[in-house]
$ cat start34.cif   # mmCIF, C-alpha atoms
data_entry
#
loop_
_atom_site.label_atom_id
_atom_site.label_comp_id
_atom_site.auth_asym_id
_atom_site.auth_seq_id
_atom_site.Cartn_x
_atom_site.Cartn_y
_atom_site.Cartn_z
CA MET A 213 -21.54 5.22 -4.84
CA ARG A 214 -20.83 8.96 -4.80
CA PHE A 215 -17.25 10.20 -4.57
CA THR A 216 -15.85 11.94 -1.49
CA LEU A 217 -14.01 15.23 -1.23
CA GLN A 218 -10.84 13.26 -0.48
CA ASP A 219 -10.96 12.01 -4.08
CA LEU A 220 -10.34 15.54 -5.35
CA SER A 221 -7.13 17.42 -6.01
CA TYR A 222 -6.85 20.97 -4.68
CA ASP A 223 -7.61 22.38 -8.15
CA GLU A 224 -10.64 20.12 -8.55
CA LEU A 225 -11.91 21.17 -5.14
CA SER A 226 -11.45 24.84 -6.04
CA GLU A 227 -13.48 24.34 -9.22
CA LEU A 228 -16.24 22.70 -7.18
CA VAL A 229 -16.42 25.64 -4.79
CA VAL A 230 -16.70 28.11 -7.68
CA LYS A 231 -19.28 25.91 -9.38
CA HIS A 232 -21.48 26.17 -6.28
CA LYS A 233 -20.96 29.95 -6.18
CA PHE A 234 -19.10 30.14 -2.89
CA PRO A 235 -16.09 32.43 -2.37
CA ALA A 236 -12.85 30.96 -3.73
CA PHE A 237 -11.09 31.14 -0.33
CA ARG A 238 -13.50 28.51 1.01
CA ALA A 239 -11.62 25.88 -1.02
CA GLN A 240 -8.61 26.19 1.28
CA GLN A 241 -10.82 25.79 4.35
CA ILE A 242 -12.51 22.70 2.92
CA PHE A 243 -9.12 21.33 1.93
CA GLU A 244 -7.89 21.74 5.52
CA MET A 245 -11.03 19.96 6.74
CA ILE A 246 -10.46 16.87 4.61
CA LEU A 247 -6.68 16.94 5.14
CA HIS A 248 -7.27 16.57 8.89
CA CYS A 249 -9.91 13.90 8.21
CA LYS A 250 -12.73 15.94 9.71
CA ASP A 251 -16.39 15.62 8.85
CA TYR A 252 -18.67 18.59 8.15
CA SER A 253 -19.84 18.81 11.77
CA GLU A 254 -16.27 19.54 12.90
CA ALA A 255 -15.64 22.29 10.33
CA THR A 256 -17.13 25.13 12.37
CA ASN A 257 -15.20 27.74 10.36
CA LEU A 258 -17.38 26.95 7.36
CA PRO A 259 -20.82 28.58 7.03
CA VAL A 260 -23.80 26.34 7.67
CA GLN A 261 -25.15 26.98 4.16
CA LEU A 262 -21.98 25.64 2.55
CA ARG A 263 -21.80 22.62 4.84
CA GLU A 264 -25.42 21.69 4.20
CA LYS A 265 -25.08 22.13 0.44
CA PHE A 266 -21.93 20.01 0.18
CA LYS A 267 -23.21 17.40 2.61
CA GLN A 268 -26.19 16.75 0.33
CA GLU A 269 -23.92 15.91 -2.60
CA TYR A 270 -20.51 14.80 -1.33
CA ASP A 271 -19.17 12.79 1.58
CA ALA A 272 -16.33 14.61 3.30
CA ILE A 273 -14.25 11.58 4.28
CA SER A 274 -13.86 8.22 2.61
CA VAL A 275 -12.99 5.87 5.47
CA GLU A 276 -13.88 5.52 9.15
CA LEU A 277 -12.26 3.47 11.88
CA GLU A 278 -14.11 0.20 12.50
CA LYS A 279 -11.66 -1.40 14.94
CA GLU A 280 -8.07 -1.13 16.10
CA PHE A 281 -5.76 -3.94 17.20
CA LEU A 282 -2.62 -3.20 19.23
CA GLY A 283 0.41 -5.40 18.65
CA GLN A 284 3.96 -5.61 19.91
CA HIS A 285 6.50 -2.82 19.34
CA GLY A 286 3.76 -0.22 18.90
CA VAL A 287 2.28 -1.83 15.76
CA LYS A 288 -1.40 -1.13 15.14
CA LYS A 289 -3.72 -2.85 12.71
CA TYR A 290 -6.71 -0.81 11.57
CA LEU A 291 -9.98 -2.05 10.16
CA TYR A 292 -11.30 0.76 7.97
CA ARG A 293 -14.97 0.93 7.02
CA LEU A 294 -15.67 2.37 3.58
CA ARG A 295 -18.80 4.37 2.73
CA ASP A 296 -20.54 1.32 1.21
CA GLY A 297 -19.90 -0.79 4.32
CA ILE A 298 -16.94 -2.79 3.00
CA THR A 299 -14.13 -3.26 5.52
CA ILE A 300 -10.44 -3.21 4.57
CA GLU A 301 -7.25 -3.42 6.62
CA GLY A 302 -4.06 -1.44 7.09
CA VAL A 303 -1.07 -1.49 9.43
CA TYR A 304 0.81 1.29 11.25
CA MET A 305 4.43 0.41 12.04
CA PRO A 306 6.69 2.69 14.12
CA HIS A 307 10.41 2.74 13.27
CA ASP A 308 13.44 4.70 14.46
CA TYR A 309 13.73 6.35 11.03
CA GLY A 310 10.02 7.28 10.86
CA ASP A 311 6.63 5.62 11.01
CA THR A 312 5.29 3.56 8.12
CA LEU A 313 1.69 2.93 7.06
CA CYS A 314 0.81 -0.12 4.98
CA VAL A 315 -2.26 0.72 2.89
CA SER A 316 -4.67 -1.32 0.77
CA THR A 317 -5.40 -0.43 -2.86
CA GLN A 318 -8.25 -2.87 -3.50
CA ALA A 319 -10.96 -4.53 -1.45
CA GLY A 320 -9.72 -8.08 -1.85
CA CYS A 321 -7.45 -9.17 -4.70
CA ARG A 322 -7.68 -11.29 -7.84
CA MET A 323 -4.01 -12.35 -8.08
CA GLY A 324 -4.56 -15.53 -6.00
CA CYS A 325 -1.03 -15.83 -4.58
CA SER A 326 -0.61 -19.12 -2.72
CA PHE A 327 0.59 -17.62 0.57
CA CYS A 328 -1.62 -14.52 0.82
CA ALA A 329 -4.93 -14.03 2.64
CA SER A 330 -5.95 -10.96 0.64
CA GLY A 331 -7.18 -12.93 -2.36
CA ILE A 332 -9.00 -15.76 -0.59
CA ASN A 333 -12.41 -14.29 -1.44
CA GLY A 334 -11.32 -12.72 -4.72
CA LEU A 335 -11.65 -9.07 -5.69
CA GLU A 336 -14.61 -7.11 -4.33
CA ARG A 337 -13.73 -3.82 -6.05
CA ASN A 338 -11.02 -1.24 -6.65
CA LEU A 339 -10.52 1.52 -4.11
CA SER A 340 -10.77 5.11 -5.28
CA ALA A 341 -7.81 7.46 -4.90
CA GLY A 342 -9.66 9.12 -2.01
CA GLU A 343 -10.21 5.80 -0.25
CA ILE A 344 -6.50 5.05 -0.42
CA LEU A 345 -5.65 8.58 0.72
CA GLY A 346 -8.31 8.36 3.44
CA GLN A 347 -6.42 5.51 5.10
CA VAL A 348 -3.36 7.75 5.37
CA LEU A 349 -5.20 10.83 6.60
CA LEU A 350 -7.24 8.93 9.19
CA SER A 351 -4.14 7.12 10.48
CA GLU A 352 -2.31 10.44 10.65
CA ARG A 353 -5.12 11.82 12.81
CA LEU A 354 -5.17 8.73 15.04
CA ASN A 355 -1.43 9.05 15.65
CA LYS A 356 -1.23 12.83 15.96
CA ARG A 357 2.04 13.94 17.53
CA PRO A 358 2.14 16.54 20.34
CA ASP A 359 4.83 18.52 18.46
CA ASN A 360 2.52 18.69 15.38
CA LYS A 361 5.15 17.01 13.19
CA ARG A 362 3.80 14.51 10.69
CA ALA A 363 3.26 11.07 12.24
CA ILE A 364 3.47 9.07 9.00
CA THR A 365 6.67 9.51 7.02
CA ASN A 366 6.60 6.38 4.84
CA ILE A 367 3.90 4.59 2.87
CA VAL A 368 3.98 1.05 1.53
CA LEU A 369 1.32 0.00 -0.97
CA MET A 370 1.47 -3.55 0.34
CA GLY A 371 -1.94 -4.12 1.92
CA SER A 372 -4.84 -5.89 0.22
CA GLY A 373 -4.85 -5.73 -3.55
CA GLU A 374 -2.50 -5.43 -6.51
CA PRO A 375 -1.72 -1.71 -6.96
CA LEU A 376 -1.02 -1.98 -10.70
CA ASP A 377 -4.40 -3.69 -11.18
CA ASN A 378 -5.90 -0.39 -9.98
CA TYR A 379 -3.38 1.74 -11.83
CA HIS A 380 -5.16 5.06 -12.43
CA ASN A 381 -6.54 5.38 -8.90
CA VAL A 382 -3.11 4.52 -7.45
CA ILE A 383 -1.41 7.15 -9.63
CA LYS A 384 -3.89 9.80 -8.51
CA PHE A 385 -3.35 8.73 -4.89
CA ILE A 386 0.41 9.21 -5.29
CA GLU A 387 -0.22 12.70 -6.65
CA LEU A 388 -2.63 13.55 -3.81
CA VAL A 389 -0.40 12.27 -1.02
CA ASN A 390 2.66 13.97 -2.54
CA PHE A 391 0.92 17.35 -3.00
CA GLU A 392 3.08 20.02 -1.34
CA LYS A 393 0.11 21.80 0.28
CA GLY A 394 -1.27 18.51 1.55
CA ILE A 395 0.36 15.79 3.66
CA ASN A 396 3.32 16.03 1.26
CA ILE A 397 4.93 12.59 1.61
CA SER A 398 7.90 12.32 -0.73
CA GLU A 399 7.73 9.76 -3.52
CA ARG A 400 11.11 8.51 -2.30
CA ASN A 401 9.26 7.40 0.84
CA ILE A 402 6.54 5.51 -1.05
CA SER A 403 6.97 1.85 -1.99
CA LEU A 404 4.68 0.08 -4.44
CA SER A 405 4.57 -3.71 -4.21
CA THR A 406 3.43 -5.66 -7.26
CA VAL A 407 3.45 -9.24 -8.52
CA GLY A 408 4.67 -7.71 -11.78
CA ILE A 409 2.46 -6.44 -14.60
CA PRO A 410 5.03 -5.45 -17.25
CA ASP A 411 2.97 -2.99 -19.30
CA LYS A 412 1.88 -1.13 -16.16
CA ILE A 413 5.44 -1.05 -14.81
CA LYS A 414 6.55 0.59 -18.05
CA GLU A 415 3.60 2.98 -17.93
CA LEU A 416 4.60 3.89 -14.37
CA ALA A 417 8.15 4.51 -15.58
CA GLU A 418 6.82 6.88 -18.25
CA SER A 419 4.54 8.70 -15.79
CA GLY A 420 7.36 10.69 -14.24
CA HIS A 421 6.67 9.30 -10.76
CA LYS A 422 9.64 7.79 -8.94
CA VAL A 423 8.30 5.58 -6.18
CA THR A 424 10.27 2.57 -4.99
CA LEU A 425 9.20 -0.46 -7.01
CA ALA A 426 9.02 -3.73 -5.05
CA ILE A 427 8.50 -6.92 -7.03
CA SER A 428 6.93 -9.91 -5.27
CA LEU A 429 9.25 -12.47 -6.84
CA HIS A 430 9.26 -15.42 -4.39
CA SER A 431 10.94 -17.80 -6.84
CA PRO A 432 13.84 -17.62 -9.30
CA THR A 433 12.20 -19.95 -11.85
CA ASP A 434 8.92 -19.85 -13.76
CA THR A 435 8.13 -23.47 -12.90
CA LYS A 436 8.06 -22.77 -9.17
CA ARG A 437 6.68 -19.24 -9.44
CA ASP A 438 3.69 -20.48 -11.50
CA LYS A 439 2.55 -22.36 -8.39
CA ILE A 440 3.21 -19.55 -5.93
CA ILE A 441 1.92 -16.68 -8.10
CA PRO A 442 -0.60 -17.84 -10.76
CA GLN A 443 -0.26 -14.48 -12.56
CA ASN A 444 3.23 -15.68 -13.59
CA ARG A 445 1.61 -17.88 -16.22
CA LYS A 446 0.55 -14.67 -17.97
CA TYR A 447 3.60 -12.53 -17.21
CA ASN A 448 6.73 -14.65 -16.75
CA ILE A 449 9.90 -13.67 -14.93
CA ALA A 450 11.76 -12.64 -18.09
CA SER A 451 9.04 -10.15 -19.06
CA ILE A 452 8.98 -8.72 -15.54
CA LEU A 453 12.78 -8.30 -15.45
CA ASP A 454 12.64 -6.55 -18.82
CA ALA A 455 10.07 -4.12 -17.38
CA VAL A 456 11.99 -3.43 -14.15
CA LYS A 457 15.18 -2.72 -16.11
CA TYR A 458 13.14 -0.21 -18.11
CA TYR A 459 11.87 1.29 -14.84
CA PHE A 460 15.40 1.61 -13.46
CA ASN A 461 16.71 3.21 -16.64
CA LYS A 462 13.88 5.77 -16.57
CA THR A 463 13.89 6.57 -12.84
CA GLY A 464 17.30 5.61 -11.49
CA ARG A 465 15.54 3.90 -8.55
CA ARG A 466 16.98 0.62 -7.32
CA ILE A 467 14.53 -2.28 -7.57
CA ILE A 468 13.43 -4.23 -4.49
CA PHE A 469 12.66 -7.93 -4.82
CA GLU A 470 10.48 -9.49 -2.13
CA TYR A 471 11.10 -13.14 -1.43
CA ALA A 472 8.94 -14.99 1.12
CA LEU A 473 10.68 -18.20 2.13
CA ALA A 474 8.54 -21.35 2.26
CA LYS A 475 9.80 -24.69 3.51
CA ASN A 476 10.52 -27.25 0.75
CA GLU A 477 9.48 -24.77 -1.93
CA ASN A 478 11.88 -21.88 -2.58
CA SER A 479 14.29 -21.87 0.36
CA THR A 480 16.89 -24.42 -0.75
CA GLN A 481 20.49 -23.63 -1.53
CA ALA A 482 19.76 -24.50 -5.16
CA SER A 483 17.09 -21.78 -5.23
CA ALA A 484 19.56 -19.30 -3.71
CA PHE A 485 22.11 -19.98 -6.47
CA GLU A 486 19.37 -19.67 -9.12
CA LEU A 487 18.35 -16.32 -7.62
CA ILE A 488 21.95 -15.09 -7.74
CA ALA A 489 22.20 -16.00 -11.41
CA LEU A 490 18.87 -14.34 -12.17
CA LEU A 491 19.64 -11.00 -10.48
CA LYS A 492 23.38 -10.72 -11.20
CA GLY A 493 24.25 -7.24 -12.47
CA LEU A 494 20.81 -5.75 -11.75
CA PRO A 495 20.77 -2.74 -9.35
CA CYS A 496 18.54 -4.31 -6.72
CA HIS A 497 18.05 -5.40 -3.14
CA VAL A 498 16.37 -8.60 -1.94
CA ASN A 499 14.04 -8.53 1.07
CA LEU A 500 13.91 -12.02 2.54
CA ILE A 501 10.56 -12.44 4.30
CA PRO A 502 9.80 -15.13 6.88
CA LEU A 503 6.53 -16.59 5.58
CA ASN A 504 3.64 -15.73 7.89
CA PHE A 505 0.84 -18.05 9.00
CA VAL A 506 -2.43 -17.93 7.06
CA LYS A 507 -5.01 -20.46 8.26
CA GLU A 508 -6.41 -21.26 4.81
CA LYS A 509 -3.03 -21.69 3.11
CA LYS A 510 -0.88 -24.84 3.02
CA LEU A 511 2.58 -23.29 2.69
CA ILE A 512 4.82 -23.51 5.75
CA GLY A 513 7.45 -20.90 6.47
CA ALA A 514 11.13 -21.81 6.41
CA ASP A 515 12.83 -21.86 9.81
CA SER A 516 15.33 -19.21 10.90
CA LYS A 517 18.34 -21.46 10.18
CA LEU A 518 17.30 -21.95 6.54
CA ILE A 519 16.61 -18.24 6.13
CA LYS A 520 20.05 -17.33 7.53
CA GLU A 521 21.75 -19.84 5.22
CA PHE A 522 19.83 -18.43 2.24
CA LEU A 523 20.92 -14.90 3.17
CA ASP A 524 24.56 -15.93 3.57
CA THR A 525 24.56 -17.55 0.11
CA LEU A 526 23.10 -14.43 -1.52
CA THR A 527 25.62 -12.21 0.26
CA LYS A 528 28.53 -14.39 -0.86
CA GLY A 529 27.11 -14.18 -4.37
CA HIS A 530 27.29 -10.35 -4.18
CA ILE A 531 23.53 -9.85 -4.04
CA SER A 532 22.42 -7.12 -1.62
CA ALA A 533 19.93 -8.74 0.76
CA THR A 534 18.50 -8.49 4.26
CA ILE A 535 15.96 -10.37 6.32
CA ARG A 536 12.91 -8.17 6.75
CA ARG A 537 11.93 -7.62 10.34
CA SER A 538 8.54 -9.22 10.87
CA MET A 539 6.06 -6.80 12.45
CA GLY A 540 2.38 -7.29 13.17
CA ASN A 541 2.15 -11.07 12.94
CA ASP A 542 0.85 -11.23 16.53
CA ILE A 543 -2.27 -9.35 15.34
CA PHE A 544 -2.40 -10.95 11.87
CA GLY A 545 -1.13 -7.76 10.29
CA ALA A 546 2.14 -8.98 8.76
CA CYS A 547 3.03 -9.67 5.12
CA GLY A 548 0.41 -11.88 3.45
CA GLN A 549 -2.03 -11.77 6.38
CA LEU A 550 -4.23 -8.78 5.48
CA ARG A 551 -7.61 -9.65 4.06
CA LEU A 552 -10.98 -8.27 3.03
CA GLY A 553 -13.24 -7.74 6.01
CA TYR A 554 -13.08 -8.85 9.61
CA ILE A 555 -13.02 -12.52 10.53
CA LYS A 556 -13.52 -13.25 14.20
CA GLY A 557 -10.98 -15.70 15.60
CA ILE A 558 -8.50 -14.95 12.82
CA ASN A 559 -8.13 -11.18 12.81
CA GLY A 560 -8.16 -10.67 16.55
CA ASN A 561 -10.28 -11.33 19.58
#
$ encode --input "start34.cif" --output "structure tokens"
Amino acid sequence: MRFTLQDLSYDELSELVVKHKFPAFRAQQIFEMILHCKDYSEATNLPVQLREKFKQEYDAISVELEKEFLGQHGVKKYLYRLRDGITIEGVYMPHDYGDTLCVSTQAGCRMGCSFCASGINGLERNLSAGEILGQVLLSERLNKRPDNKRAITNIVLMGSGEPLDNYHNVIKFIELVNFEKGINISERNISLSTVGIPDKIKELAESGHKVTLAISLHSPTDTKRDKIIPQNRKYNIASILDAVKYYFNKTGRRIIFEYALAKNENSTQASAFELIALLKGLPCHVNLIPLNFVKEKKLIGADSKLIKEFLDTLTKGHISATIRRSMGNDIFGACGQLRLGYIKGINGN
């Protein structure tokens, strides 16, 4: 599959223009075209000769809108079609402090977490940096504001896939989306969610990037976490905590721990006390997540009373924690519900 122009940095695009013997200023015009997620036919400021030449060799955009689902509170779930026909999902979530886009980094996932729909059919393939960026640029266009201010202010790498399993493409995406002449979303407004791959966490710490690191913990003990997240058998909790401490020391960024509460699994008071002991003294915050329904999975979410009791115990134990507001579960777009492709009767009408 050939790459798209959205895979390229501004410098790489400039080199391409020179290589094809077009005037250097055309690079800025092409960059504006792809930044606004326009195809060649819409770039009428470009000469026909250039458009035809580039169209023969490079796709302009990496994703197209397949379908949109509207949920409560202004939430939108997008089905994006990639150039090879694969369909992935993402979610747009409006907030008072700014609007957030949840993006996918892989088509499918190979982590096999017991509560998550993304890995049911395994990993299809990694997404390129341009395919990750394309989700942002297309969603920005779809939600264009009348005052021309940026619609998307926050990005969470929490859709389908394990971002650190696609490390190099994710790093390039961060650089592209943070580029000051581009959409320029601050790294402080980008969260990367991972089950925890210690060597990649340390590599990220050394990269100089300072995104918010969110660890999908979901259990305070290896025995329980082995069943919830099979990857834990390879990288246990101790090795992950060692890596996140390294990340904090390098970046100064507080670590987020995600904890989806399942009935009779990890939501007991005993688990809460174990979590307090595990995280004591670590600069962190715990996001308690009401477990969302996934048809193929057997785990049942804890009820609101259990979740509140769990939160109260953490708070009394001096662990910063909140219950994450659930958004998008009415359109199967909440945490753990995104998947590869479109399944009628599960993903909408």
$ atom_distance --input "start34.cif" --atom1 "CA of Lys289 in chain A" --atom2 "CA of Met305 in chain A"
8.8 Å
$ closest_atom_pairs --input "start34.cif" --of "range 263-370 of chain A" --to "range 228-251 of chain A" --cutoff "8 Å" --atoms "only C-alpha atoms" --output "tab-separated table"
residue	atom	partner	partner_atom	distance
A:Ala272	CA	A:Asp251	CA	5.6
A:Ile273	CA	A:Cys249	CA	6.3
A:Gly346	CA	A:Cys249	CA	7.5
A:Leu349	CA	A:Cys249	CA	5.8
A:Leu350	CA	A:Cys249	CA	5.7
A:Arg353	CA	A:His248	CA	6.5
$ residues_near_point --input "start34.cif" --point "(3.8, 1.5, 2.9)" --cutoff "6 Å" --atoms "all atoms listed in the file" --output "VMD selection string"
chain A and resid 312 to 314 366 to 369 403
$ atom_distance --input "start34.cif" --atom1 "CA of Lys492 in chain A" --atom2 "CA of Ile531 in chain A"
7.2 Å
$ residues_around --input "start34.cif" --residues "Ala472 in chain A" --least-positions-apart "4" --cutoff "10 Å" --atoms "all atoms listed in the file" --output "PyMOL selection string"
chain A and resi 327+428-431+478-479+499-504+513-514+519+535-536+547-548
$ write_last_selection --input "start34.cif" --atoms "C-alpha atoms" --output "mmCIF file, keeping the file's coordinate frame"
data_model
loop_
_atom_site.group_PDB
_atom_site.id
_atom_site.type_symbol
_atom_site.label_atom_id
_atom_site.label_comp_id
_atom_site.auth_asym_id
_atom_site.auth_seq_id
_atom_site.Cartn_x
_atom_site.Cartn_y
_atom_site.Cartn_z
ATOM 1 C CA PHE A 327 0.590 -17.620 0.570
ATOM 2 C CA SER A 428 6.930 -9.910 -5.270
ATOM 3 C CA LEU A 429 9.250 -12.470 -6.840
ATOM 4 C CA HIS A 430 9.260 -15.420 -4.390
ATOM 5 C CA SER A 431 10.940 -17.800 -6.840
ATOM 6 C CA ASN A 478 11.880 -21.880 -2.580
ATOM 7 C CA SER A 479 14.290 -21.870 0.360
ATOM 8 C CA ASN A 499 14.040 -8.530 1.070
ATOM 9 C CA LEU A 500 13.910 -12.020 2.540
ATOM 10 C CA ILE A 501 10.560 -12.440 4.300
ATOM 11 C CA PRO A 502 9.800 -15.130 6.880
ATOM 12 C CA LEU A 503 6.530 -16.590 5.580
ATOM 13 C CA ASN A 504 3.640 -15.730 7.890
ATOM 14 C CA GLY A 513 7.450 -20.900 6.470
ATOM 15 C CA ALA A 514 11.130 -21.810 6.410
ATOM 16 C CA ILE A 519 16.610 -18.240 6.130
ATOM 17 C CA ILE A 535 15.960 -10.370 6.320
ATOM 18 C CA ARG A 536 12.910 -8.170 6.750
ATOM 19 C CA CYS A 547 3.030 -9.670 5.120
ATOM 20 C CA GLY A 548 0.410 -11.880 3.450
#
$ residues_around --input "start34.cif" --residues "range 456-458 of chain A" --least-positions-apart "3" --cutoff "12 Å" --atoms "only C-alpha atoms" --output "number ranges by chain"
A: 406-418, 424-427, 429, 449-453, 461-469, 491, 493-496
$ resolve_selection --input "start34.cif" --expression "the PyMOL selection byres ((chain A and resi 337) around 10)" --output "list in words"
Ile298, Thr317, Gln318, Ala319, Gly320, Cys321, Arg322, Gly334, Leu335, Glu336, Asn338, Leu339, Ser340, Gly373 and Asn378 of chain A
$ atom_distance --input "start34.cif" --atom1 "CA of Val315 in chain A" --atom2 "CA of Thr534 in chain A"
22.8 Å
$ resolve_selection --input "start34.cif" --expression "the PyMOL selection byres ((chain A and resi 480) around 12)" --output "list in words"
Ser431, Pro432, Leu473, Ala474, Lys475, Asn476, Glu477, Asn478, Ser479, Gln481, Ala482, Ser483, Ala484, Phe485, Glu486, Leu487, Ala514, Asp515, Lys517, Leu518, Ile519, Lys520, Glu521, Phe522, Leu523, Thr525 and Leu526 of chain A
$ closest_residue --input "start34.cif" --among "A:Thr256, A:Asn444, A:Ser405, A:Thr216" --to "Leu376 in chain A" --atoms "only C-alpha atoms"
A:Ser405
$ residues_around --input "start34.cif" --residues "range 381-386 of chain A" --least-positions-apart "6" --cutoff "9 Å" --atoms "all atoms listed in the file" --output "PyMOL selection string"
chain A and resi 219+221+317+338-345+375+397+399+402+416+419+421+423
$ closest_residue --input "start34.cif" --among "A:His285, A:Lys422, A:Lys279, A:His380" --to "Ile300 in chain A" --atoms "only C-alpha atoms"
A:Lys279
$ closest_residue --input "start34.cif" --among "A:Tyr309, A:Tyr379, A:Tyr304, A:Tyr252" --to "Glu280 in chain A" --atoms "only C-alpha atoms"
A:Tyr304
$ closest_residue --input "start34.cif" --among "A:Asn333, A:Val348, A:Gly324, A:Ala255" --to "Tyr290 in chain A" --atoms "all atoms listed in the file"
A:Val348
$ resolve_selection --input "start34.cif" --expression "the PyMOL selection byres ((chain A and resi 299) around 10)" --output "NGL selection string"
:A and (275-279 or 290-298 or 300-301 or 319-320 or 551-554)
$ residues_around --input "start34.cif" --residues "Asn448 in chain A" --least-positions-apart "6" --cutoff "9 Å" --atoms "only C-alpha atoms" --output "list in words"
Gly408, Asp434, Arg437 and Asp438 of chain A
$ decode --input "start34.cif" --residues "range 252-313 of chain A" --atoms "C-alpha atoms" --output "mmCIF file, in the first residue's frame"
data_model
loop_
_atom_site.group_PDB
_atom_site.id
_atom_site.type_symbol
_atom_site.label_atom_id
_atom_site.label_comp_id
_atom_site.auth_asym_id
_atom_site.auth_seq_id
_atom_site.Cartn_x
_atom_site.Cartn_y
_atom_site.Cartn_z
ATOM 1 C CA TYR A 252 -6.650 16.933 -4.969
ATOM 2 C CA SER A 253 -9.943 17.911 -6.610
ATOM 3 C CA GLU A 254 -10.550 20.514 -3.893
ATOM 4 C CA ALA A 255 -7.091 22.113 -4.149
ATOM 5 C CA THR A 256 -7.930 24.500 -6.986
ATOM 6 C CA ASN A 257 -4.989 26.761 -6.100
ATOM 7 C CA LEU A 258 -2.620 24.048 -7.288
ATOM 8 C CA PRO A 259 -1.834 23.711 -11.015
ATOM 9 C CA VAL A 260 -3.417 20.787 -12.804
ATOM 10 C CA GLN A 261 0.003 19.416 -13.798
ATOM 11 C CA LEU A 262 1.094 19.162 -10.162
ATOM 12 C CA ARG A 263 -2.171 17.610 -9.028
ATOM 13 C CA GLU A 264 -2.099 14.997 -11.773
ATOM 14 C CA LYS A 265 1.548 14.140 -11.136
ATOM 15 C CA PHE A 266 1.092 13.724 -7.377
ATOM 16 C CA LYS A 267 -2.210 11.911 -7.744
ATOM 17 C CA GLN A 268 -0.491 9.211 -9.809
ATOM 18 C CA GLU A 269 1.981 8.467 -7.016
ATOM 19 C CA TYR A 270 0.524 9.558 -3.673
ATOM 20 C CA ASP A 271 -2.879 9.578 -2.017
ATOM 21 C CA ALA A 272 -3.630 12.974 -0.503
ATOM 22 C CA ILE A 273 -5.621 11.792 2.517
ATOM 23 C CA SER A 274 -5.363 8.610 4.535
ATOM 24 C CA VAL A 275 -8.880 8.127 5.923
ATOM 25 C CA GLU A 276 -12.435 8.785 4.769
ATOM 26 C CA LEU A 277 -15.682 8.834 6.718
ATOM 27 C CA GLU A 278 -17.592 5.564 6.383
ATOM 28 C CA LYS A 279 -20.362 6.248 8.908
ATOM 29 C CA GLU A 280 -21.163 8.502 11.843
ATOM 30 C CA PHE A 281 -23.173 7.646 14.949
ATOM 31 C CA LEU A 282 -24.612 10.400 17.157
ATOM 32 C CA GLY A 283 -24.804 9.751 20.889
ATOM 33 C CA GLN A 284 -25.898 11.628 23.969
ATOM 34 C CA HIS A 285 -24.181 14.839 25.117
ATOM 35 C CA GLY A 286 -22.880 15.570 21.625
ATOM 36 C CA VAL A 287 -20.678 12.451 21.427
ATOM 37 C CA LYS A 288 -19.996 11.146 17.929
ATOM 38 C CA LYS A 289 -18.522 7.809 16.931
ATOM 39 C CA TYR A 290 -16.809 7.719 13.545
ATOM 40 C CA LEU A 291 -16.141 4.723 11.358
ATOM 41 C CA TYR A 292 -13.090 5.628 9.282
ATOM 42 C CA ARG A 293 -12.307 3.778 6.055
ATOM 43 C CA LEU A 294 -8.611 3.376 5.293
ATOM 44 C CA ARG A 295 -7.183 3.296 1.765
ATOM 45 C CA ASP A 296 -7.043 -0.523 1.728
ATOM 46 C CA GLY A 297 -10.699 -0.830 2.771
ATOM 47 C CA ILE A 298 -10.133 -1.608 6.457
ATOM 48 C CA THR A 299 -12.516 0.183 8.819
ATOM 49 C CA ILE A 300 -11.457 1.530 12.220
ATOM 50 C CA GLU A 301 -13.292 3.542 14.866
ATOM 51 C CA GLY A 302 -12.818 6.761 16.809
ATOM 52 C CA VAL A 303 -14.871 8.909 19.169
ATOM 53 C CA TYR A 304 -15.382 12.686 19.401
ATOM 54 C CA MET A 305 -16.291 13.883 22.903
ATOM 55 C CA PRO A 306 -17.233 17.513 23.655
ATOM 56 C CA HIS A 307 -16.266 18.912 27.076
ATOM 57 C CA ASP A 308 -16.467 22.301 28.774
ATOM 58 C CA TYR A 309 -12.658 22.534 28.802
ATOM 59 C CA GLY A 310 -12.303 21.564 25.118
ATOM 60 C CA ASP A 311 -13.231 18.741 22.783
ATOM 61 C CA THR A 312 -11.428 15.409 22.862
ATOM 62 C CA LEU A 313 -10.852 12.894 20.075
#
